[in-house]
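**Student:** Quick one: the structure is below, questions incoming.
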Protein chains: 2
Amino acid sequence: MKRIFCLCLMLFVAPAFAAEGMWTPAQLPDLADVLEARGLQIDPRSMTDLTGHPMKAIVSLGGCSASFVSPQGLVITNHHCAYGSISYNSPEDRNLLRDGFVAGSHAEELPARPGSRVFVTVKVEDVTGTILGDLPAGLDGRARYQAVEDGEKELVRACEEDDGHRCRIASYHGGLRYELIKQMEIRDVRLVYAPPGSVGKYGGDVDNWMWPRHTGDFSFYRAWVGPDGKPADRAEENVPFQPDHWLRVQPGGVQDGEFVMVAGYPGRTNRYRLAAEVANVIEWSYPVRKATYGALLEVITTATENNPDAALKYASWVARLNNATKNYGGMLEGFAKGSLVQRKQALESELQTWIESDPGRRDSYLSAIENLQALVAESRSRQQRDFFYNLAWSSSLLDAAHLLYRLAREQEKPDEEREPGYQERDLTNIREELTRIERTFDPAVDRQEWRHLVLAYASIPPAQHVMAFDQWLGIEGNQVDGAELDARLDAMYAATSLGDTQARLDGIGKTPAELEASDDPFMRMAVALYEANLRLEEEDKDLTGRYQEARPRYMEALLAFEKSRGRLVYPDANSTLRVTYGRVTGSRPRDGMVYVPFTTLEGIVEKDTGLEPFNMPPGLLEDIREQNYGAYADERVGSVPVNFLSTLDSTGGNSGSATLNGRAELVGLLFDGTYESIISDWDFLVDKTRSIHVDIRYVLWVMEQLGGAEHLMNEMGLRE
Amino acid sequence: MKRIFCLCLMLFVAPAFAAEGMWTPAQLPDLADVLEARGLQIDPRSMTDLTGHPMKAIVSLGGCSASFVSPQGLVITNHHCAYGSISYNSPEDRNLLRDGFVAGSHAEELPARPGSRVFVTVKVEDVTGTILGDLPAGLDGRARYQAVEDGEKELVRACEEDDGHRCRIASYHGGLRYELIKQMEIRDVRLVYAPPGSVGKYGGDVDNWMWPRHTGDFSFYRAWVGPDGKPADRAEENVPFQPDHWLRVQPGGVQDGEFVMVAGYPGRTNRYRLAAEVANVIEWSYPVRKATYGALLEVITTATENNPDAALKYASWVARLNNATKNYGGMLEGFAKGSLVQRKQALESELQTWIESDPGRRDSYLSAIENLQALVAESRSRQQRDFFYNLAWSSSLLDAAHLLYRLAREQEKPDEEREPGYQERDLTNIREELTRIERTFDPAVDRQEWRHLVLAYASIPPAQHVMAFDQWLGIEGNQVDGAELDARLDAMYAATSLGDTQARLDGIGKTPAELEASDDPFMRMAVALYEANLRLEEEDKDLTGRYQEARPRYMEALLAFEKSRGRLVYPDANSTLRVTYGRVTGSRPRDGMVYVPFTTLEGIVEKDTGLEPFNMPPGLLEDIREQNYGAYADERVGSVPVNFLSTLDSTGGNSGSATLNGRAELVGLLFDGTYESIISDWDFLVDKTRSIHVDIRYVLWVMEQLGGAEHLMNEMGLRE
């Protein structure tokens, strides 16, 4: 269940802008005039072609974006997107997180973290008709959910018959439109270059979401394939992937006011939610999450305090919790300053008036808002259980046991009837997930984290509890006997073998009966709670099915209304390829203060304390003091630009995206948003929200000053 | 002794600037060309005339600056400068700190806090010859100290024969030059206008030293005199003072880039200290003070937590401690960023070279640096005792007892031989000080504060202890028996009558023998420790005497060196009337960020949370939302300007100063410096240091919107 509790896409949830909008490539021709007027120099229509330049150079890492920058499959992305792989290659005696890494040759490139992928989108196809076309009327939520899922699975199955590809169905506007996304899935990914952590994560959590910023947030991967050029498991005979298209790196960078755009895979936005949904987020969801993750952070910090090995294992999780906590705080501040709920209410009332003013519209749309509101109220009535019960499964061992037993149960069915995530196509993922635990798990920390979250769950109203779970752990109402709980947990951790990777992997392929016979306490718990969890899942699916009907009806009304006002509407982000355009510019975050668009090398010296996270390598500090700018100084800025701001509309998932100039040349990487932009998952603030990019000139300056990367510069065509 | 432990002048210790310098009026003719080029439109030479316009309109409140703004003695200054008087008039049932105050007529004006003064400088005379002229050579420190003090006292005595005047000797460049300052001392001061605290202290301690800023830091006093126009005690027949000159208020304000100047009474700067002195401040004085005051703050906060009456009494003290703590922290940050010690060392080495390159200079100055350095080392060797023993006297009752007994002892001598502070001329002050305690003292809080500081003192090396003190309180080495100390303190607070104002005042005029016979435990302690303290004072005076000889010799060398390089040198601030000039402009506090010079009304709405200290009165918030700008909007700023930044070189004591435009019209009040300017007591940072002013247009807008102050606007000539 822990998989549901994933903050991946929250890592970088950023801004909406002057040129608001995360447009699908297919929408770009409608924007051609604007794009050209703003400074796009290539044909906007060329960007609808996913098999051409530049779109085919844009890739997804699953949660982050990236791009090809050489004909030999060299991929540039953020340091924080490659963080897991850098950490994975940092056992105690070799700290790449701290020291950085450069592969001197192809042979020296290191395997990325298991599960790392490079996805190249090869086809996007509207499949709404196939999925919704012959759905009988009057289905209940559960049945409708199943019908949609069955339709999706069949499409995905057929699509994935093309070996080496990964397919998924993306839903737009809450299920108004469905698209089949087909991606080539490169699964031999290797780490090529990472700057020292004191460059790549300069400013750390302190500067996260902040401006002025001085983070060298870049790293390089390489995509490898089999000798036949097709995706393959890591193997000796593999060769670098040769992409059809790659981006030209523009060492001249950008300047203030210049047109920029980003193509990438933004994860999720909620720009079209109801006023009531926003209000609930402000009043309940975010305050509770902020407090809960904040407390959890303390638990983990304390638990890993004197254990550097465990601290390293939990570093990534801690970073995500830190980020999430700051994120929720920032969003709540943003909500408090803004008036989003009022604006939403006004929009809903305008929409209502527009609907009521026409009999045809009345028939089609009148119940749309009402129906959706009823579902929102229903969700709210169970949100405590949904949130805290999910958290109460946050032991890596319990999670693994649940995964294995669920897999065994699903494997009793024909593949196409299995729950998504447990099909044959998912087995590699599952294997990697079960393996990866060894790098992110420490039994003592896991136990303390879990204990804390069990107690948090126990404190919610007993009516929201799951009885089977309470019985298993001895929770009565809101009462938990601490000593008794400790004894139970001690016994479980003492007796389990699931802390061992091979033991976890051995569980794959076992029958339910075999697992039910297991003595492992975590497996016994997973088995005992299986039915209860399944019932909850059925309820979820029923609710989801009803949402899948209600939200598209509301969105249909809204889209029709906006169209009547001549407004082009971009869909909420859904991890599909999108394009956002805007310009390089500062902002006025608060009355009396201005952010200028570029930071400089000198700002690093200003910030540097010699202590993490403000501890630039001394050699680089010396280079700055001596103004060793190389070829990368900008006359207007007076130094080498480090980071810059733009009006681009981005969110989590856009991290690592190539920032392109008007000629579609790479001038930087998007990696964050300013604090004033945190709210932009929900709200759009023209004056304040800004994306933060690392300037390509800083990337190249660092590589040149640190040395050892000349061959990569050559490979990108930057030297003769 | 508590009087020594005074942070008054730290309240607002602010910046050095592009046009660095706190010039004496006499220096202005030397700057005439620059002043005119920068935008001064009146004759610079007119500003050397202290009896003319505008200088005679500039007054001191003792610790703050202020100015006359009407022919009826209306005085404008900062809210934080009038804070004590507003608090003094805020018993539980009438909270002027919260609600603000406007006197509808002269009769309604309220007495300022006892001891409040308006000082008008009437004469400044060089008396160096008189004081140092016939000083015999070869005096030891103590004797030299006494000779200088005797000379000063005689000059002051003669000067004060002119009734209603207060005179003092100001020393420049550490004693290289002495001036006799004669000020008319108006002692019937009344509170006329204070905005609500949520305007006057908007942003509170959170925003203290910060930009962007939105503080309405202004209030009005009125100076009253006897029917003969001379200073008098508060009395029914008194009349408003009619100054010869007052400032014209310019309701049009200033604009970005405009020339501004401030005439006021900056307290103290240390711009000419040795590298070794700066290093000691960085390594010892400020870290220790920051930690000590921070801890003290917690003690007082806890002690007053559930006692609103006590909290009000200690509000001013808490504000000063808060400010000091932030101040020290900011200075330490500033020192860490800067390179002041290295620059000082370089200067000293240049100076040394210059001295050594000429035989005449060698004879005159060679030993100057060395001698001063030896004294600095000597001071350092006793700084722990100096600081912590002084703090260990921080009970208001012990302080009062010491004051009374010392007074009795001094009164045995002829007046002219008494210690300054205990002469006949000081009796009013002493009476007021002993009275004022009733508004700032709570026995339980006093006891906890004192106990805490006694323990802090006890923890320093016993060699730095004062044995008599240790014996009195049962301190042995670093050991204190907490229970025993509590018992002693309980007994002392139970038995004392000095918590009663009349009892304290009754002590004035008693003989030493009478006080020695007192049963009051605080008096007994003061008596018992008298000789020990006197010995310390003698040591202090000896050291001071030696400084008074050594520092002028060093400064003489430095001034000669600077003159040889064609540099004009302004003396360190010493609470005498100074003029600083510059312009309105923003700054670049950090790489990637800019402060714009004006904040606006809209920024208040942005900041407002409805909770202290960001709780603008709702009516004013509504006015802002409705853009009720009155006549005070600035087209270029797009709203009513609230605060603005300038390059003026100011420090604590400048607070309340009228900010003047090139025609010497009042366009605002200086009240703070930006965080980057905290260091400016020591160091000058052209790009970063900025003074913060409240814009006169905001002052007038607030008065107009809140209403009831039309008569004051009329009085300032702003309405017909």
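Each chain in the structure tokens gets a letter, A, B and so on, in the order shown; residues start at 1 in every chain, and ligands are counted from 1 in the order they appear.
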Select all residues from chain B having any atom no more than 12 Å from an atom of chain A (counting only C-alpha atoms, ignoring ligands), output as a VMD selection string.

**Tutor:** chain B and resid 210 to 214 333 to 334 336 to 338 585 to 610 637 to 639 641 to 645 692

**Student:** Any chance you can output those residues with N, CA and C atoms as a short mmCIF file (atom, residue, chain, number, x, y, z; two decimals), in the first residue's frame?

**Tutor:**
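Just written: part-v6.cif:
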data_model
loop_
_atom_site.label_atom_id
_atom_site.label_comp_id
_atom_site.auth_asym_id
_atom_site.auth_seq_id
_atom_site.Cartn_x
_atom_site.Cartn_y
_atom_site.Cartn_z
N MET B 210 13.86 44.88 9.10
CA MET B 210 13.55 44.18 7.85
C MET B 210 13.03 45.13 6.77
N TRP B 211 13.25 44.73 5.56
CA TRP B 211 12.61 45.32 4.40
C TRP B 211 12.09 44.16 3.57
N PRO B 212 10.95 44.20 2.94
CA PRO B 212 9.99 45.31 2.87
C PRO B 212 9.32 45.61 4.22
N ARG B 213 9.04 46.88 4.44
CA ARG B 213 8.54 47.34 5.72
C ARG B 213 7.29 48.18 5.57
N HIS B 214 6.43 48.12 6.54
CA HIS B 214 5.16 48.84 6.46
C HIS B 214 4.76 49.40 7.81
N GLU B 333 26.47 38.11 11.51
CA GLU B 333 26.33 37.69 10.11
C GLU B 333 27.06 38.64 9.19
N GLY B 334 26.88 39.93 9.46
CA GLY B 334 27.53 40.94 8.63
C GLY B 334 29.04 40.82 8.70
N ALA B 336 30.69 38.16 9.39
CA ALA B 336 31.09 36.92 8.74
C ALA B 336 31.15 37.09 7.22
N LYS B 337 30.22 37.87 6.67
CA LYS B 337 30.20 38.09 5.22
C LYS B 337 31.32 39.04 4.80
N GLY B 338 31.55 40.06 5.63
CA GLY B 338 32.49 41.10 5.24
C GLY B 338 33.92 40.69 5.51
N THR B 585 16.74 55.53 -2.56
CA THR B 585 17.03 54.48 -3.54
C THR B 585 16.93 53.11 -2.91
N GLY B 586 16.68 52.10 -3.74
CA GLY B 586 16.63 50.72 -3.26
C GLY B 586 18.04 50.16 -3.10
N SER B 587 18.12 48.85 -3.01
CA SER B 587 19.45 48.23 -2.89
C SER B 587 19.38 46.82 -3.44
N ARG B 588 20.53 46.20 -3.54
CA ARG B 588 20.61 44.81 -3.96
C ARG B 588 21.16 44.04 -2.77
N PRO B 589 20.29 43.61 -1.86
CA PRO B 589 20.78 43.01 -0.61
C PRO B 589 21.50 41.70 -0.84
N ARG B 590 21.04 40.95 -1.86
CA ARG B 590 21.66 39.67 -2.15
C ARG B 590 21.63 39.48 -3.65
N ASP B 591 22.53 38.67 -4.14
CA ASP B 591 22.52 38.28 -5.54
C ASP B 591 21.14 37.73 -5.90
N GLY B 592 20.55 38.27 -6.96
CA GLY B 592 19.27 37.74 -7.43
C GLY B 592 18.06 38.44 -6.84
N MET B 593 18.27 39.45 -6.02
CA MET B 593 17.15 40.09 -5.33
C MET B 593 17.39 41.59 -5.20
N VAL B 594 16.33 42.34 -5.30
CA VAL B 594 16.43 43.80 -5.22
C VAL B 594 15.37 44.33 -4.27
N TYR B 595 15.74 45.30 -3.43
CA TYR B 595 14.74 46.04 -2.67
C TYR B 595 14.35 47.27 -3.49
N VAL B 596 13.06 47.46 -3.72
CA VAL B 596 12.64 48.68 -4.39
C VAL B 596 12.44 49.75 -3.32
N PRO B 597 12.59 51.03 -3.69
CA PRO B 597 12.69 52.05 -2.64
C PRO B 597 11.41 52.34 -1.87
N PHE B 598 10.24 52.07 -2.45
CA PHE B 598 8.99 52.38 -1.74
C PHE B 598 8.15 51.14 -1.50
N THR B 599 7.55 51.04 -0.32
CA THR B 599 6.46 50.08 -0.13
C THR B 599 5.15 50.86 -0.22
N THR B 600 4.06 50.13 -0.38
CA THR B 600 2.77 50.78 -0.60
C THR B 600 1.70 50.23 0.33
N LEU B 601 0.58 50.93 0.36
CA LEU B 601 -0.56 50.47 1.16
C LEU B 601 -0.92 49.03 0.83
N GLU B 602 -0.85 48.67 -0.45
CA GLU B 602 -1.26 47.33 -0.86
C GLU B 602 -0.39 46.26 -0.20
N GLY B 603 0.85 46.61 0.09
CA GLY B 603 1.74 45.67 0.76
C GLY B 603 1.25 45.33 2.16
N ILE B 604 0.51 46.25 2.77
CA ILE B 604 -0.04 45.98 4.11
C ILE B 604 -1.11 44.90 3.99
N VAL B 605 -1.97 45.03 3.00
CA VAL B 605 -3.01 44.00 2.78
C VAL B 605 -2.35 42.65 2.53
N GLU B 606 -1.27 42.68 1.75
CA GLU B 606 -0.54 41.45 1.44
C GLU B 606 -0.01 40.78 2.70
N LYS B 607 0.53 41.59 3.61
CA LYS B 607 1.14 41.04 4.81
C LYS B 607 0.13 40.69 5.89
N ASP B 608 -1.00 41.36 5.87
CA ASP B 608 -1.89 41.31 7.01
C ASP B 608 -2.45 39.90 7.26
N THR B 609 -2.37 39.48 8.52
CA THR B 609 -2.91 38.19 8.91
C THR B 609 -4.08 38.37 9.88
N GLY B 610 -4.29 39.59 10.30
CA GLY B 610 -5.30 39.85 11.32
C GLY B 610 -4.78 39.59 12.72
N VAL B 637 4.49 55.45 -7.95
CA VAL B 637 4.46 54.28 -7.07
C VAL B 637 3.13 53.54 -7.24
N GLY B 638 2.12 54.25 -7.69
CA GLY B 638 0.83 53.62 -7.97
C GLY B 638 -0.07 53.49 -6.76
N SER B 639 0.32 54.11 -5.66
CA SER B 639 -0.48 54.02 -4.44
C SER B 639 0.08 55.03 -3.44
N PRO B 641 2.65 55.75 -0.77
CA PRO B 641 3.89 55.14 -0.26
C PRO B 641 3.82 55.02 1.26
N VAL B 642 4.32 53.93 1.79
CA VAL B 642 4.27 53.70 3.24
C VAL B 642 5.65 53.95 3.86
N ASN B 643 6.64 53.20 3.43
CA ASN B 643 8.01 53.40 3.91
C ASN B 643 8.93 53.56 2.71
N PHE B 644 10.08 54.17 2.92
CA PHE B 644 11.05 54.23 1.83
C PHE B 644 12.47 54.05 2.33
N LEU B 645 13.35 53.74 1.39
CA LEU B 645 14.77 53.48 1.68
C LEU B 645 15.62 54.66 1.21
N ILE B 692 15.72 53.21 6.76
CA ILE B 692 14.29 53.06 6.46
C ILE B 692 13.53 54.24 7.07
#

**Student:** Can you write out as CSV which residues of region 88-131 of chain A fall within 9 Å of region 155-170 of chain A, alongside each residue's closest atom pair and its distance in Å to one decimal, counting only C-alpha atoms and ordering rows by chain and ascending residue number?

**Tutor:**
residue,atom,partner,partner_atom,distance
A:Phe119,CA,A:Arg166,CA,8.1
A:Val127,CA,A:Ile169,CA,8.5
A:Thr130,CA,A:Leu155,CA,8.6
A:Ile131,CA,A:Leu155,CA,8.7

**Student:** What's around Glu419 (chain A) at 8 Å? Count only C-alpha atoms, leave out sequence neighbours fewer than 3 positions away in its own chain, and write the answer as a ChimeraX atom specification.

**Tutor:** /A:410,422-423

**Student:** Residues at most 10 Å from region 459-463 of chain B, counting only C-alpha atoms, excluding those fewer than 3 positions away in the same chain, as a VMD selection string?

**Tutor:** chain B and resid 382 384 to 385 388 to 389 453 to 456 466 to 467 470 475 to 480

**Student:** Tell me, which residues of region 630-702 of chain A carry DSSP helix (DSSP H, G or I), written as a list of chain:residue names?

**Tutor:**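 Answer for region 630-702 of chain A restricted to helix (DSSP H, G or I) is A:Tyr675, A:Glu676, A:Ser677, A:Ile678, A:Ile679, A:Ser680, A:Asp681, A:Ile696, A:Arg697, A:Tyr698, A:Val699, A:Leu700, A:Trp701, A:Val702.
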
**Student:** Could you check the closest approach to Leu274 (chain B) for each of B:Arg447, B:Leu559, B:Trp682, B:Arg362 and tell me which residue wins, using only C-alpha atoms?

**Tutor:**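 When distances to Leu274 (chain B) are compared using only C-alpha atoms, the smallest one comes from B:Trp682.
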
**Student:** When distances are computed from only C-alpha atoms, which of A:Pro251, A:Glu356, A:Val699, A:Leu489 shows the smallest separation from His79 (chain A)?

**Tutor:**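 Using only C-alpha atoms, His79 (chain A) sits closest to A:Val699.
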
**Student:** Could you check the closest approach to Asp244 (chain A) for each of A:Gly52, A:Gly656, A:Gly482, A:Gly104 and tell me which residue wins, using only C-alpha atoms?

**Tutor:**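 Ranking A:Gly52, A:Gly656, A:Gly482, A:Gly104 by distance to Asp244 (chain A), first place goes to A:Gly52.
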
**Student:** Would you list the contacts of Lys290 (chain B) as a ChimeraX atom specification, taking every protein, DNA or RNA residue within 9 Å and counting only C-alpha atoms, but skipping same-chain residues closer than 2 positions in sequence?

**Tutor:** /B:285-288,292-295,324-329

**Student:** Okay, now the selection with C-alpha atoms, as a short mmCIF file (atom, residue, chain, number, x, y, z; two decimals), in the first residue's frame?

**Tutor:**
data_model
loop_
_atom_site.label_atom_id
_atom_site.label_comp_id
_atom_site.auth_asym_id
_atom_site.auth_seq_id
_atom_site.Cartn_x
_atom_site.Cartn_y
_atom_site.Cartn_z
CA SER B 285 31.51 40.38 22.94
CA TYR B 286 28.68 39.90 20.47
CA PRO B 287 28.32 36.11 20.64
CA VAL B 288 28.23 36.29 24.44
CA THR B 292 22.97 36.06 27.25
CA TYR B 293 20.22 38.43 26.16
CA GLY B 294 18.51 35.63 24.24
CA ALA B 295 18.38 33.51 27.38
CA ALA B 324 19.53 43.66 20.77
CA THR B 325 19.52 39.92 20.13
CA LYS B 326 18.56 40.35 16.50
CA ASN B 327 21.07 43.17 16.29
CA TYR B 328 23.99 41.10 17.55
CA GLY B 329 23.00 38.21 15.31
#

**Student:** Which residues are close to Gly229 (chain A), i.e. within 10 Å by only C-alpha atoms, leaving aside same-chain residues fewer than 5 positions away? Reply as a list in words.

**Tutor:**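 Everything that qualifies: Trp224, Asn238, Val239, Pro240, Phe241, Gln242 and Pro243 of chain A.
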
**Student:** Can you write just those residues out, N, CA, C and O atoms, as a PDB file, in the first residue's frame?

**Tutor:**
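Done, and the output landed in part.pdb:
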ATOM      1  N   TRP A 224      20.970   2.921 -22.824  1.00  0.00           N
ATOM      2  CA  TRP A 224      21.619   1.797 -23.513  1.00  0.00           C
ATOM      3  C   TRP A 224      20.551   0.830 -24.026  1.00  0.00           C
ATOM      4  O   TRP A 224      19.511   0.652 -23.388  1.00  0.00           O
ATOM      5  N   ASN A 238      25.280  -4.759 -24.735  1.00  0.00           N
ATOM      6  CA  ASN A 238      24.452  -3.585 -25.064  1.00  0.00           C
ATOM      7  C   ASN A 238      25.291  -2.446 -25.644  1.00  0.00           C
ATOM      8  O   ASN A 238      26.505  -2.370 -25.416  1.00  0.00           O
ATOM      9  N   VAL A 239      24.594  -1.569 -26.345  1.00  0.00           N
ATOM     10  CA  VAL A 239      25.262  -0.413 -26.977  1.00  0.00           C
ATOM     11  C   VAL A 239      24.480   0.845 -26.644  1.00  0.00           C
ATOM     12  O   VAL A 239      23.286   0.789 -26.334  1.00  0.00           O
ATOM     13  N   PRO A 240      25.137   2.009 -26.705  1.00  0.00           N
ATOM     14  CA  PRO A 240      24.406   3.252 -26.485  1.00  0.00           C
ATOM     15  C   PRO A 240      23.277   3.403 -27.494  1.00  0.00           C
ATOM     16  O   PRO A 240      23.442   3.071 -28.677  1.00  0.00           O
ATOM     17  N   PHE A 241      22.153   3.877 -26.992  1.00  0.00           N
ATOM     18  CA  PHE A 241      20.996   4.115 -27.856  1.00  0.00           C
ATOM     19  C   PHE A 241      21.279   5.299 -28.776  1.00  0.00           C
ATOM     20  O   PHE A 241      21.856   6.297 -28.351  1.00  0.00           O
ATOM     21  N   GLN A 242      20.881   5.158 -30.035  1.00  0.00           N
ATOM     22  CA  GLN A 242      21.098   6.256 -30.974  1.00  0.00           C
ATOM     23  C   GLN A 242      19.760   6.905 -31.324  1.00  0.00           C
ATOM     24  O   GLN A 242      19.037   6.424 -32.191  1.00  0.00           O
ATOM     25  N   PRO A 243      19.435   7.983 -30.649  1.00  0.00           N
ATOM     26  CA  PRO A 243      18.131   8.604 -30.894  1.00  0.00           C
ATOM     27  C   PRO A 243      18.090   9.259 -32.270  1.00  0.00           C
ATOM     28  O   PRO A 243      19.117   9.671 -32.796  1.00  0.00           O
TER      29      PRO A 243
END

**Student:** For each of B:Tyr581, B:Phe522, B:Tyr675, B:Tyr221, take the minimum atom-to-atom distance to Ala112 (chain B), counting only C-alpha atoms, then give the residue where this is smallest.

**Tutor:** B:Tyr221

**Student:** Please report the interatomic distance between CA of Val318 (chain B) and CA of Val206 (chain B) in Å with one decimal.

**Tutor:**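 Separation of CA of Val318 (chain B) and CA of Val206 (chain B): 13.3 Å.
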
**Student:** Please return as a ChimeraX atom specification: the residues of region 533-595 of chain A that backbone DSSP assigns to strand (DSSP E or B).

**Tutor:** /A:578-584,587-590,593-595

**Student:** Using only C-alpha atoms, can you tell me which of A:Glu283, A:Thr674, A:Phe441, A:Arg144 comes closest to Phe335 (chain A)?

**Tutor:**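 When distances to Phe335 (chain A) are compared using only C-alpha atoms, the smallest one comes from A:Glu283.
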
**Student:** Near Ala368 (chain B), counting only C-alpha atoms, which residues have an atom at most 12 Å away, once you skip same-chain residues fewer than 5 positions from it, shown as a ChimeraX atom specification?

**Tutor:** /B:274,348,351-352,355,361-363,373-375,547,549-558

**Student:** Please report the interatomic distance between CA of Asp687 (chain B) and CA of Tyr629 (chain A) in Å with one decimal.

**Tutor:**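 Atom-to-atom, CA of Asp687 (chain B) to CA of Tyr629 (chain A), that is 23.1 Å.
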
**Student:** Could you state the separation of CA of His106 (chain B) and CA of His53 (chain B) in Å, given to one decimal place?

**Tutor:**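 Separating CA of His106 (chain B) from CA of His53 (chain B) is a distance of 26.0 Å.
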
**Student:** Using only C-alpha atoms, which of the listed residues (A:Asp188, A:Glu715, A:Asp634, A:Glu417) sits closest to Asp695 (chain A)?

**Tutor:**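 When distances to Asp695 (chain A) are compared using only C-alpha atoms, the smallest one comes from A:Asp634.
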